$ cat final_11.txt   # compact mmCIF, C-alpha atoms
# COMPACT_ATOMS: atom_id res chain seq x y z
CA MET A 1 -22.36 -13.43 16.92
CA ALA A 2 -24.46 -14.84 14.08
CA LEU A 3 -23.39 -13.90 10.58
CA THR A 4 -25.58 -13.85 7.50
CA VAL A 5 -23.49 -14.40 4.40
CA HIS A 6 -24.55 -13.67 0.82
CA GLU A 7 -21.68 -15.03 -1.22
CA ASP A 8 -22.78 -13.79 -4.63
CA ARG A 9 -24.82 -10.71 -3.92
CA PRO A 10 -23.45 -7.18 -3.75
CA ALA A 11 -24.97 -4.42 -1.72
CA GLY A 12 -27.94 -2.21 -2.45
CA ARG A 13 -28.60 -1.05 -5.98
CA HIS A 14 -25.50 -2.93 -7.19
CA ALA A 15 -27.30 -6.24 -6.77
CA ALA A 16 -26.88 -7.08 -10.45
CA VAL A 17 -23.46 -8.48 -11.24
CA PRO A 18 -21.89 -5.96 -13.65
CA PRO A 19 -20.95 -7.24 -17.09
CA GLY A 20 -17.41 -7.25 -18.43
CA GLY A 21 -14.18 -9.17 -18.16
CA ARG A 22 -11.50 -9.22 -15.53
CA PHE A 23 -9.75 -6.15 -16.96
CA ARG A 24 -12.83 -3.94 -16.79
CA ARG A 25 -14.15 -5.17 -13.46
CA ILE A 26 -10.92 -5.71 -11.48
CA TYR A 27 -7.73 -4.47 -13.09
CA ALA A 28 -8.91 -1.12 -14.50
CA PRO A 29 -10.48 0.09 -11.21
CA ARG A 30 -7.39 -1.09 -9.35
CA ALA A 31 -5.06 0.72 -11.79
CA SER A 32 -6.84 4.08 -11.61
CA ASP A 33 -7.10 3.98 -7.82
CA ALA A 34 -3.45 2.90 -7.47
CA LEU A 35 -2.28 5.76 -9.70
CA ALA A 36 -4.13 8.32 -7.58
CA PHE A 37 -2.77 6.70 -4.41
CA SER A 38 0.80 6.78 -5.75
CA MET A 39 0.62 10.39 -6.88
CA SER A 40 -0.61 11.61 -3.52
CA THR A 41 1.77 9.44 -1.47
CA TYR A 42 5.02 10.43 -3.19
CA ALA A 43 4.20 14.04 -4.09
CA MET A 44 3.20 15.36 -0.66
CA PRO A 45 6.51 14.84 1.22
CA LEU A 46 8.46 16.25 -1.73
CA LEU A 47 6.20 19.26 -1.81
CA VAL A 48 6.72 19.88 1.92
CA LEU A 49 10.51 19.57 1.56
CA THR A 50 10.48 21.96 -1.40
CA ILE A 51 8.44 24.57 0.44
CA THR A 52 10.05 24.34 3.90
CA SER A 53 13.55 22.92 3.19
CA SER A 54 13.19 21.16 6.55
CA ALA A 55 14.03 17.49 7.11
CA SER A 56 12.09 17.48 10.38
CA LEU A 57 8.92 18.82 8.76
CA THR A 58 9.31 16.30 5.95
CA GLY A 59 9.40 13.45 8.46
CA LEU A 60 6.51 14.96 10.37
CA ALA A 61 4.53 15.27 7.15
CA PHE A 62 5.14 11.59 6.43
CA ALA A 63 3.87 10.64 9.89
CA LEU A 64 0.82 12.88 9.58
CA GLU A 65 0.09 11.46 6.15
CA TRP A 66 0.04 7.84 7.35
CA THR A 67 -1.59 8.16 10.78
CA PRO A 68 -5.17 8.83 9.53
CA ARG A 69 -4.73 6.17 6.86
CA ILE A 70 -4.03 3.60 9.55
CA ALA A 71 -6.91 4.82 11.70
CA ALA A 72 -9.31 4.28 8.79
CA PHE A 73 -8.44 0.65 8.09
CA VAL A 74 -10.65 -1.21 10.57
CA LEU A 75 -13.62 1.01 9.80
CA ALA A 76 -13.01 0.49 6.08
CA GLY A 77 -13.02 -3.28 6.52
CA ASN A 78 -16.34 -3.19 8.35
CA VAL A 79 -17.89 -0.97 5.69
CA VAL A 80 -16.71 -3.29 2.91
CA ASP A 81 -18.08 -6.32 4.78
CA ARG A 82 -21.48 -4.71 5.29
CA ARG A 83 -21.98 -2.58 2.15
CA GLY A 84 -19.90 -4.24 -0.56
CA ALA A 85 -16.76 -3.18 -2.40
CA ALA A 86 -18.41 -1.41 -5.35
CA ILE A 87 -20.12 1.34 -3.38
CA VAL A 88 -17.05 1.84 -1.16
CA CYS A 89 -14.78 2.22 -4.20
CA PHE A 90 -17.17 4.71 -5.75
CA LEU A 91 -17.72 6.92 -2.71
CA ALA A 92 -14.05 6.93 -1.62
CA SER A 93 -12.78 7.92 -5.07
CA LEU A 94 -15.51 10.51 -5.56
CA GLY A 95 -14.74 12.04 -2.16
CA ARG A 96 -11.03 12.19 -2.96
CA ALA A 97 -11.71 13.86 -6.31
CA THR A 98 -13.88 16.50 -4.62
CA VAL A 99 -11.43 17.24 -1.78
CA VAL A 100 -8.42 17.49 -4.10
CA ALA A 101 -10.27 19.82 -6.48
CA ALA A 102 -11.24 22.07 -3.57
CA ALA A 103 -7.64 22.12 -2.31
CA ALA A 104 -6.35 23.02 -5.77
CA ILE A 105 -8.65 26.02 -5.87
CA ALA A 106 -7.66 27.05 -2.33
CA LEU A 107 -3.93 26.84 -3.06
CA THR A 108 -4.24 29.19 -6.02
CA MET A 109 -5.48 31.87 -3.62
CA LEU A 110 -2.95 31.34 -0.81
CA PRO A 111 0.56 32.82 -0.63
CA ARG A 112 3.57 30.53 -0.20
CA GLY A 113 4.22 29.92 3.50
CA THR A 114 2.83 28.33 6.64
CA THR A 115 -0.81 28.44 5.57
CA GLU A 116 -0.05 26.64 2.32
CA THR A 117 1.94 23.98 4.20
CA VAL A 118 -0.94 23.40 6.63
CA VAL A 119 -3.38 23.02 3.74
CA ILE A 120 -1.11 20.45 2.08
CA LEU A 121 -0.75 18.47 5.32
CA LEU A 122 -4.52 18.44 5.83
CA LEU A 123 -5.00 17.43 2.22
CA ALA A 124 -2.55 14.54 2.64
CA ALA A 125 -4.41 13.33 5.74
CA VAL A 126 -7.87 13.48 4.14
CA THR A 127 -6.88 11.96 0.80
CA GLY A 128 -4.92 9.27 2.62
CA THR A 129 -7.97 8.31 4.65
CA LEU A 130 -10.21 8.12 1.59
CA SER A 131 -7.56 6.22 -0.35
CA GLN A 132 -7.43 3.54 2.33
CA PHE A 133 -11.16 2.89 1.96
CA GLY A 134 -10.68 2.36 -1.76
CA PHE A 135 -7.60 0.22 -1.20
CA VAL A 136 -9.35 -2.10 1.27
CA ALA A 137 -12.28 -2.46 -1.14
CA ASN A 138 -9.98 -3.34 -4.05
CA GLU A 139 -8.04 -5.81 -1.89
CA ALA A 140 -11.31 -7.53 -0.95
CA VAL A 141 -12.27 -7.78 -4.62
CA GLY A 142 -8.89 -9.28 -5.50
CA ALA A 143 -9.11 -11.83 -2.69
CA VAL A 144 -12.64 -12.91 -3.66
CA VAL A 145 -11.77 -13.25 -7.35
CA ALA A 146 -8.62 -15.25 -6.54
CA ARG A 147 -10.69 -17.57 -4.35
CA ARG A 148 -13.47 -18.12 -6.91
CA GLY A 149 -11.61 -17.91 -10.21
CA GLU A 150 -10.20 -20.63 -12.39
CA THR A 151 -6.87 -18.85 -12.75
CA ARG A 152 -4.12 -19.66 -10.23
CA PRO A 153 -4.48 -17.33 -7.21
CA ASP A 154 -0.79 -16.46 -7.21
CA GLY A 155 -1.17 -15.30 -10.83
CA ILE A 156 -4.03 -12.94 -9.98
CA GLN A 157 -2.20 -11.54 -6.97
CA ALA A 158 0.96 -11.05 -9.02
CA VAL A 159 -1.04 -9.04 -11.57
CA LEU A 160 -2.52 -6.89 -8.79
CA VAL A 161 0.92 -6.25 -7.30
CA GLY A 162 2.17 -5.47 -10.80
CA ILE A 163 -0.59 -2.91 -11.25
CA ASP A 164 0.34 -1.28 -7.94
CA GLN A 165 4.01 -1.14 -8.90
CA THR A 166 3.25 0.22 -12.38
CA ALA A 167 1.34 3.01 -10.67
CA THR A 168 4.41 3.54 -8.48
CA VAL A 169 6.48 3.96 -11.65
CA VAL A 170 4.10 6.42 -13.27
CA GLY A 171 2.84 8.26 -10.17
CA PRO A 172 6.08 9.90 -8.93
CA LEU A 173 7.19 10.84 -12.46
CA LEU A 174 3.80 12.29 -13.36
CA ALA A 175 3.47 14.15 -10.07
CA GLY A 176 7.02 15.50 -10.31
CA PHE A 177 6.51 16.70 -13.87
CA LEU A 178 3.23 18.41 -13.00
CA LEU A 179 4.75 20.00 -9.89
CA LEU A 180 7.19 21.82 -12.16
CA ALA A 181 4.19 23.64 -13.60
CA GLY A 182 2.70 24.23 -10.15
CA PRO A 183 0.80 22.38 -7.42
CA GLY A 184 -2.53 23.24 -9.05
CA TRP A 185 -1.73 21.20 -12.15
CA MET A 186 -0.74 18.15 -10.14
CA LEU A 187 -3.84 18.37 -7.95
CA ALA A 188 -6.11 18.85 -10.97
CA CYS A 189 -4.70 15.69 -12.55
CA LEU A 190 -5.08 13.80 -9.27
CA SER A 191 -8.71 14.91 -9.05
CA ALA A 192 -9.39 13.75 -12.61
CA VAL A 193 -7.79 10.34 -12.01
CA SER A 194 -9.83 9.94 -8.81
CA LEU A 195 -13.04 10.79 -10.65
CA PHE A 196 -12.20 8.17 -13.29
CA ALA A 197 -11.57 5.65 -10.50
CA ALA A 198 -15.00 6.44 -9.04
CA VAL A 199 -16.72 5.64 -12.33
CA LEU A 200 -14.79 2.39 -12.75
CA GLY A 201 -15.42 1.45 -9.13
CA LEU A 202 -19.07 0.80 -9.92
CA GLN A 203 -17.97 -2.04 -12.22
CA THR A 204 -16.26 -4.10 -9.51
CA PRO A 205 -17.72 -7.59 -8.88
CA PRO A 206 -19.73 -8.40 -5.74
CA THR A 207 -18.11 -9.29 -2.45
CA PRO A 208 -19.63 -11.31 0.43
CA LEU A 209 -21.79 -9.28 2.80
CA ARG A 210 -22.01 -9.61 6.55
CA ALA A 211 -25.19 -8.74 8.41
CA ALA A 212 -25.04 -5.85 10.86
CA SER A 213 -24.33 -6.79 14.45
CA PRO A 214 -27.48 -6.51 16.60
CA ASP A 215 -25.49 -5.03 19.49
CA GLY A 216 -23.87 -2.40 17.27
CA ALA A 217 -20.35 -3.56 17.99
CA GLY A 218 -19.12 -1.81 14.85
CA LYS A 219 -15.46 -0.93 14.74
CA ALA A 220 -14.44 -2.77 17.91
CA GLY A 221 -16.37 -5.85 16.79
CA GLY A 222 -14.59 -5.81 13.45
CA MET A 223 -11.24 -5.58 15.20
CA ARG A 224 -12.08 -8.53 17.44
CA SER A 225 -13.34 -10.57 14.50
CA GLY A 226 -10.18 -9.90 12.49
CA LEU A 227 -7.96 -10.65 15.49
CA ARG A 228 -9.71 -13.96 16.18
CA THR A 229 -9.27 -14.96 12.54
CA LEU A 230 -5.60 -13.97 12.53
CA VAL A 231 -4.92 -15.97 15.71
CA ARG A 232 -6.46 -19.05 14.06
CA LEU A 233 -4.12 -18.64 11.05
CA PRO A 234 -0.54 -18.87 12.42
CA ALA A 235 1.11 -18.85 8.99
CA LEU A 236 -0.56 -15.57 8.14
CA GLY A 237 0.33 -14.20 11.56
CA TRP A 238 4.02 -15.00 11.09
CA LEU A 239 4.05 -13.38 7.64
CA VAL A 240 2.31 -10.25 8.87
CA GLY A 241 4.68 -9.91 11.84
CA GLY A 242 7.81 -10.37 9.74
CA LEU A 243 6.68 -7.98 7.04
CA ALA A 244 5.68 -5.39 9.64
CA CYS A 245 9.32 -5.28 10.81
CA SER A 246 10.40 -5.05 7.18
CA ASN A 247 8.00 -2.17 6.64
CA LEU A 248 9.73 -0.15 9.35
CA ALA A 249 12.84 -0.17 7.15
CA LEU A 250 10.71 0.61 4.10
CA GLY A 251 8.97 3.49 5.85
CA LEU A 252 12.27 4.94 7.03
CA LEU A 253 13.59 4.63 3.50
CA GLN A 254 10.57 6.42 2.04
CA SER A 255 10.60 9.25 4.55
CA ALA A 256 14.39 9.72 4.72
CA SER A 257 15.23 9.35 1.03
CA PRO A 258 14.12 12.88 0.03
CA VAL A 259 16.46 14.27 2.69
CA ILE A 260 19.33 11.90 1.84
CA VAL A 261 19.10 12.44 -1.92
CA VAL A 262 18.69 16.22 -1.75
CA GLU A 263 20.98 17.11 1.18
CA THR A 264 23.56 14.29 1.26
CA PHE A 265 23.99 13.63 -2.45
CA GLY A 266 23.16 17.19 -3.56
CA ARG A 267 20.47 16.14 -6.04
CA SER A 268 17.18 17.79 -6.93
CA SER A 269 13.73 16.70 -5.80
CA ALA A 270 13.14 15.32 -9.31
CA SER A 271 15.91 12.79 -8.63
CA VAL A 272 13.86 11.40 -5.76
CA GLY A 273 10.95 10.66 -8.09
CA THR A 274 13.32 9.13 -10.63
CA MET A 275 14.79 6.88 -7.94
CA TRP A 276 11.38 5.57 -6.87
CA SER A 277 10.30 5.03 -10.46
CA ALA A 278 13.47 3.04 -11.17
CA ALA A 279 12.82 1.01 -8.03
CA ALA A 280 9.27 0.32 -9.17
CA VAL A 281 10.54 -0.94 -12.54
CA ALA A 282 12.82 -3.36 -10.69
CA THR A 283 9.86 -4.47 -8.60
CA LEU A 284 7.81 -5.14 -11.72
CA LEU A 285 10.58 -7.35 -13.07
CA ALA A 286 10.73 -9.19 -9.75
CA ILE A 287 6.96 -9.74 -9.77
CA THR A 288 7.15 -11.12 -13.31
CA CYS A 289 9.85 -13.52 -12.18
CA CYS A 290 7.67 -14.54 -9.24
CA ARG A 291 4.82 -15.46 -11.58
CA LEU A 292 7.14 -17.67 -13.62
CA VAL A 293 8.93 -19.22 -10.66
CA LEU A 294 5.72 -19.99 -8.76
CA SER A 295 4.84 -22.52 -11.47
CA ARG A 296 7.86 -24.54 -10.32
CA LEU A 297 8.60 -23.55 -6.71
CA ASP A 298 6.41 -23.05 -3.66
CA LEU A 299 5.66 -19.82 -1.84
CA TRP A 300 8.17 -20.51 0.92
CA ALA A 301 11.13 -20.67 -1.48
CA VAL A 302 10.06 -17.50 -3.27
CA GLY A 303 9.65 -15.77 0.08
CA VAL A 304 13.14 -16.78 1.25
CA VAL A 305 14.79 -15.46 -1.92
CA SER A 306 12.81 -12.21 -1.73
CA ALA A 307 13.63 -11.73 1.95
CA THR A 308 17.34 -12.29 1.26
CA LEU A 309 17.38 -9.65 -1.48
CA ALA A 310 15.50 -7.09 0.61
CA SER A 311 17.64 -7.62 3.72
CA ALA A 312 20.99 -7.55 1.91
CA ALA A 313 20.11 -4.37 0.02
CA CYS A 314 18.85 -2.60 3.13
CA LEU A 315 22.01 -3.48 5.06
CA GLY A 316 24.09 -1.94 2.26
CA LEU A 317 22.11 1.29 1.91
CA PRO A 318 23.81 3.20 4.78
CA LEU A 319 27.17 2.52 3.09
CA ALA A 320 26.15 3.71 -0.39
CA PRO A 321 28.79 6.24 -1.58
CA SER A 322 26.78 7.90 -4.36
CA TYR A 323 23.29 8.59 -5.68
CA VAL A 324 23.65 5.90 -8.36
CA SER A 325 24.66 3.16 -5.91
CA TYR A 326 21.94 4.29 -3.50
CA THR A 327 19.34 4.06 -6.28
CA ILE A 328 20.53 0.57 -7.28
CA LEU A 329 20.27 -0.68 -3.70
CA VAL A 330 16.82 0.87 -3.31
CA ALA A 331 15.75 -0.93 -6.50
CA ILE A 332 17.02 -4.28 -5.17
CA PHE A 333 15.30 -3.65 -1.84
CA MET A 334 11.98 -2.88 -3.54
CA ALA A 335 12.30 -5.92 -5.81
CA GLY A 336 12.62 -8.15 -2.75
CA ASP A 337 9.73 -6.34 -1.09
CA GLY A 338 7.58 -6.95 -4.17
CA GLY A 339 8.25 -10.69 -3.98
CA LEU A 340 7.33 -10.72 -0.30
CA THR A 341 4.11 -8.88 -1.12
CA VAL A 342 3.12 -11.51 -3.69
CA VAL A 343 3.68 -14.23 -1.09
CA LEU A 344 1.66 -12.42 1.58
CA ARG A 345 -1.26 -11.55 -0.69
CA THR A 346 -1.47 -15.07 -2.09
CA VAL A 347 -1.54 -16.68 1.36
CA ARG A 348 -3.97 -14.05 2.60
CA SER A 349 -6.39 -14.60 -0.30
CA LEU A 350 -6.39 -18.37 0.25
CA VAL A 351 -6.71 -18.77 4.02
CA ILE A 352 -8.96 -15.93 5.25
CA PRO A 353 -12.62 -17.04 5.60
CA SER A 354 -14.96 -15.10 3.33
CA THR A 355 -17.24 -14.14 6.22
CA ALA A 356 -14.40 -12.22 7.91
CA LEU A 357 -12.61 -11.09 4.77
CA GLY A 358 -12.89 -7.32 5.11
CA ALA A 359 -12.20 -7.19 8.85
CA THR A 360 -9.18 -9.51 8.64
CA LEU A 361 -7.76 -7.73 5.59
CA SER A 362 -8.10 -4.45 7.45
CA LEU A 363 -6.38 -5.78 10.56
CA THR A 364 -3.45 -7.22 8.60
CA MET A 365 -3.06 -3.95 6.70
CA LEU A 366 -3.27 -2.03 9.96
CA ILE A 367 -0.42 -4.07 11.44
CA LEU A 368 1.65 -3.74 8.27
CA LEU A 369 1.23 0.04 8.12
CA LEU A 370 1.78 0.91 11.79
CA PRO A 371 5.56 1.19 11.19
CA PHE A 372 5.14 3.97 8.61
CA PRO A 373 4.17 6.83 10.95
CA ALA A 374 6.78 5.52 13.41
CA ALA A 375 9.37 5.85 10.65
CA GLY A 376 8.26 9.42 10.02
CA VAL A 377 8.71 10.26 13.69
CA ILE A 378 12.21 8.72 13.63
CA VAL A 379 13.17 10.93 10.69
CA ALA A 380 11.66 13.99 12.37
CA LEU A 381 13.73 13.38 15.53
CA THR A 382 16.99 12.29 13.85
CA PRO A 383 19.50 14.89 12.60
CA PRO A 384 20.18 14.43 8.85
CA PRO A 385 23.83 13.34 9.37
CA HIS A 386 22.65 10.41 11.53
CA LEU A 387 19.89 9.09 9.27
CA GLY A 388 22.25 6.42 7.91
CA ARG A 389 22.73 4.96 11.39
CA ALA A 390 18.99 4.88 11.98
CA LEU A 391 18.54 3.08 8.68
CA LEU A 392 21.22 0.53 9.62
CA VAL A 393 19.46 -0.29 12.91
CA CYS A 394 16.17 -0.84 11.06
CA ALA A 395 17.96 -2.98 8.47
CA VAL A 396 19.34 -5.29 11.18
CA LEU A 397 15.87 -5.56 12.76
CA GLN A 398 14.39 -6.40 9.35
CA ALA A 399 16.96 -9.12 8.64
CA VAL A 400 16.47 -10.81 12.02
CA ALA A 401 12.66 -10.67 11.74
CA LEU A 402 12.61 -12.20 8.25
CA VAL A 403 15.02 -14.99 9.25
CA VAL A 404 12.80 -15.90 12.22
CA THR A 405 9.64 -15.68 10.09
CA PHE A 406 10.68 -17.99 7.29
CA THR A 407 12.42 -20.40 9.64
CA SER A 408 9.12 -20.77 11.49
CA LEU A 409 7.19 -21.21 8.22
CA ARG A 410 9.52 -23.82 6.74
CA SER A 411 6.91 -26.59 7.00
CA ALA A 412 3.73 -24.48 7.13
CA PRO A 413 0.94 -26.07 5.02
CA ALA A 414 -0.44 -22.65 4.07
CA LEU A 415 2.63 -21.93 1.95
CA ARG A 416 1.98 -25.13 -0.04
CA LEU A 417 -1.66 -24.37 -0.84
CA VAL A 418 -0.94 -22.90 -4.25
CA ALA A 419 0.30 -26.24 -5.53
CA ASP A 420 -3.06 -27.78 -4.63
CA ARG A 421 -4.94 -25.08 -6.55
CA ARG A 422 -3.04 -25.46 -9.86
$ encode --input "final_11.txt" --output "structure tokens"
Amino acid sequence: MALTVHEDRPAGRHAAVPPGGRFRRIYAPRASDALAFSMSTYAMPLLVLTITSSASLTGLAFALEWTPRIAAFVLAGNVVDRRGAAIVCFLASLGRATVVAAAAIALTMLPRGTTETVVILLLAAVTGTLSQFGFVANEAVGAVVARRGETRPDGIQAVLVGIDQTATVVGPLLAGFLLLAGPGWMLACLSAVSLFAAVLGLQTPPTPLRAASPDGAGKAGGMRSGLRTLVRLPALGWLVGGLACSNLALGLLQSASPVIVVETFGRSSASVGTMWSAAAVATLLAITCCRLVLSRLDLWAVGVVSATLASAACLGLPLAPSYVSYTILVAIFMAGDGGLTVVLRTVRSLVIPSTALGATLSLTMLILLLPFPAAGVIVALTPPPHLGRALLVCAVLQAVALVVTFTSLRSAPALRLVADRR
């Protein structure tokens, strides 16, 4: 299939490169979109648990929240490749703002019960789908800027991960505080943040465009293109496979923690948000350390240390005797996960060809997120007293997968590319 590439031209009426520095054109749009993403992701399961007091429905809600997000990834990558990141960021954020505002109005008229729960689940699915379009677009922007810029690519990716983790600090706390006043207040704030993200999305720099396929291959063609690219990049394939296994443990932790904290440790739902915010602070510190260490060590060494932290913490979580120790182990786990994310994003931004950027990004994200709905199903089917055993099994799988991954990548040239770019 012939591809027509326009390296420096965005789509449509955004053909002029928008003025402004890196903060205005990259970091600010990423921050506003990440905050909206974080608020919706962490607030919805807590809201379901508060309304239903059911661990099974909480796990089911987590699965329903992530399934449409995953389904949207390949389509999102194709749209970004063909239309450009700016218009995708704008339309996705504007759509999310509109849907959330409509849901806030609907919830003020509905009584507490099954109907309200159904509305929240539908809202989570729709906002999750739209959020994935914005996320893919922002990831494409970050990868292009890291490839073209004069700054070290690992530095740019560390800043982007830091923005995401800062949003993870603020999002759960802000959503939890607003939920005390009522769901309408939280949804109104989410709608406002999404609208702000839509405005900022128009400022994002151009991304390479791919001409439409004459045979209309569309979604399947994008999947095949991304798969062919991933097969040609074994280092990226190993990283994606290892982190996918790690994400099963992360997904189980995210979906089971509300139940464990509330029912096992006897804490309130606010303690769940506090735990995730503390974990995000630890992740930010880890990302800062990664930026400093990457000026002296290569990506492989940073990845090994991060994998060791994440695996050790996850293996200890089922044995945590109290809420405090559980929170500390979650923070260590998330710190290791943040380091692994920096490694993955840096390698991904360096080795993926620009002509297949959106499709390959979407495929890697699809693989990395497939474990999340599976984790929700595990929580839905596992009685609360046995969630610790399920977490232990996932922790063992994670440890084995990461050992195999970094053993295979010990001499991979792709993990030495950063040194050549300094």
$ closest_residue --input "final_11.txt" --among "A:Ile287, A:Leu130, A:Val193, A:Ala76" --to "Thr341 (chain A)" --atoms "only C-alpha atoms"
A:Ile287
$ atom_distance --input "final_11.txt" --atom1 "CA of Ala278 (chain A)" --atom2 "CA of Ala331 (chain A)"
6.5 Å
$ closest_atom_pairs --input "final_11.txt" --of "region 21-135 of chain A" --to "region 385-399 of chain A" --cutoff "12 Å" --atoms "all atoms listed in the file" --output "JSON lines"
{"residue": "A:Ala55", "atom": "CA", "partner": "A:Leu387", "partner_atom": "CA", "distance": 10.5}
{"residue": "A:Ser56", "atom": "CA", "partner": "A:Leu387", "partner_atom": "CA", "distance": 11.5}
{"residue": "A:Gly59", "atom": "CA", "partner": "A:Leu387", "partner_atom": "CA", "distance": 11.4}
$ atom_distance --input "final_11.txt" --atom1 "CA of Gly77 (chain A)" --atom2 "CA of Ala140 (chain A)"
8.8 Å
$ atom_distance --input "final_11.txt" --atom1 "CA of Leu187 (chain A)" --atom2 "CA of Leu369 (chain A)"
24.9 Å
$ residues_around --input "final_11.txt" --residues "Gly237 (chain A)" --least-positions-apart "2" --cutoff "12 Å" --atoms "all atoms listed in the file" --output "VMD selection string"
chain A and resid 226 to 235 239 to 244 344 347 to 348 351 to 352 360 to 361 363 to 365 367 to 368 405 to 406 408 to 409 412 414
$ residues_near_point --input "final_11.txt" --point "(18.5, 18.4, -5.5)" --cutoff "12 Å" --atoms "only C-alpha atoms" --output "list in words"
Leu46, Leu49, Thr50, Ser53, Ser257, Pro258, Val259, Ile260, Val261, Val262, Glu263, Thr264, Phe265, Gly266, Arg267, Ser268, Ser269, Ala270, Ser271, Val272, Gly273, Thr274 and Tyr323 of chain A
$ closest_residue --input "final_11.txt" --among "A:Ala167, A:Ala188, A:Gly376, A:Leu252" --to "Ala61 (chain A)" --atoms "all atoms listed in the file"
A:Gly376
$ decode --input "final_11.txt" --residues "region 379-393 of chain A" --atoms "C-alpha atoms" --output "JSON list (two decimals), in the first residue's frame"
[["chain", "number", "residue", "atom", "x", "y", "z"],
["A", 379, "VAL", "CA", -12.58, -9.14, 40.65],
["A", 380, "ALA", "CA", -16.23, -9.61, 39.68],
["A", 381, "LEU", "CA", -15.90, -13.41, 39.88],
["A", 382, "THR", "CA", -13.66, -13.60, 42.98],
["A", 383, "PRO", "CA", -15.19, -13.45, 46.48],
["A", 384, "PRO", "CA", -13.70, -10.54, 48.49],
["A", 385, "PRO", "CA", -11.89, -12.83, 51.00],
["A", 386, "HIS", "CA", -9.94, -14.44, 48.12],
["A", 387, "LEU", "CA", -8.85, -11.27, 46.31],
["A", 388, "GLY", "CA", -5.44, -11.46, 48.00],
["A", 389, "ARG", "CA", -4.77, -14.88, 46.45],
["A", 390, "ALA", "CA", -5.76, -13.62, 43.01],
["A", 391, "LEU", "CA", -3.40, -10.68, 43.44],
["A", 392, "LEU", "CA", -0.57, -13.03, 44.46],
["A", 393, "VAL", "CA", -1.02, -15.14, 41.32]]
